[in-house]
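**Student:** Take this structure, written in structure tokens, and hold onto it; I'll ask about it next.
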Amino acid sequence: MDTTAITLLAATAWPLIQPLVSAGLGKAAEKIGESLPGKIWELIKPKLEAKPEAKKVLTVLQNNPNDKDVQATFRYQLRQLLEEDDSFAADLGKMLEAASSDFKAQNTGNGAIAQGTGSKAVGQNGMIIEGDVTGNITIGNNNTINHP
């Protein structure tokens, strides 16, 4: 598998498994673990635990799941594992492909999450415009753009 595809696999896997890592080992993680993202995590986790430097990153990630630097290090370690094992990369690719059509993300706060082909998300106080915009457009409070 080429480097670009492997990088994409590693980047795509993280958003699916992040809720599992964030939930730790509690009941919520067990319930989520029965889902396709949980199965993806169960595929990835033993591979990480078998490699000492990846295992260390996994431990740090479980304690700091929202740390962007740790996430980047996790993706790097995952990418290394994928490059070393074509079978693992193929299995993960199949699972992520299935997840793209099966996984439905939820908004868990004031932001927005979208998952899957054609998904759209708008965060708090955001807006989405599609198609042609004609006529008068109001942006914000008392800000108007007049278009003939």
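Residue numbering restarts at 1 for every chain of the structure tokens, chains are lettered A, B, ... in their displayed order, and ligands are numbered from 1 as they appear.
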Tell me which protein, DNA and RNA residues are within 9 Å of stretch 91-98 of chain A, counting only C-alpha atoms, leaving out same-chain ones fewer than 3 positions away, and put them as a list of chain:residue names.

**Tutor:**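 These residues fall inside the cut-off: A:Ile6, A:Leu9, A:Thr12, A:Ala13, A:Leu16, A:Leu36, A:Pro37, A:Lys39, A:Ile40, A:Leu43, A:Ile44, A:Leu82, A:Asp86, A:Ser87, A:Phe88, A:Ser101, A:Asp102, A:Phe103.
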
**Student:** For each of A:Gly38, A:Gln71, A:Pro19, A:Leu81, take the minimum atom-to-atom distance to A:Pro52, counting only C-alpha atoms, then give the residue where this is smallest.

**Tutor:**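 Checking each candidate against A:Pro52, we get A:Leu81 as the closest.
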
**Student:** Within 9 Å of A:Pro65, counting only C-alpha atoms, which residues show up once you throw out same-chain ones fewer than 3 positions away? Write them as a VMD selection string, please.

**Tutor:** chain A and resid 18 to 19 21 to 22 60 to 62 68 70 to 71

**Student:** Could you please take those selected residues and save C-alpha atoms as a PDB file, in the first residue's frame?

**Tutor:**
```pdb
ATOM      1  CA  GLN A  18     -11.332   8.863  19.775  1.00  0.00           C
ATOM      2  CA  PRO A  19     -14.572   8.387  21.789  1.00  0.00           C
ATOM      3  CA  VAL A  21      -9.950   6.317  23.979  1.00  0.00           C
ATOM      4  CA  SER A  22     -11.659   9.240  25.751  1.00  0.00           C
ATOM      5  CA  VAL A  60      -0.148   8.932  27.046  1.00  0.00           C
ATOM      6  CA  LEU A  61      -3.052   9.166  24.595  1.00  0.00           C
ATOM      7  CA  GLN A  62      -5.452   7.473  26.995  1.00  0.00           C
ATOM      8  CA  LYS A  68      -3.229  17.408  19.418  1.00  0.00           C
ATOM      9  CA  VAL A  70      -0.214  13.255  21.273  1.00  0.00           C
ATOM     10  CA  GLN A  71      -2.819  12.552  18.590  1.00  0.00           C
TER      11      GLN A  71
END
```

**Student:** In terms of the shortest atom-to-atom distance over only C-alpha atoms, which of A:Ala54, A:Arg75, A:Gln80, A:Ser35 is closest to A:Ala99?

**Tutor:**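 Among A:Ala54, A:Arg75, A:Gln80, A:Ser35, it is A:Ser35 that comes nearest to A:Ala99.
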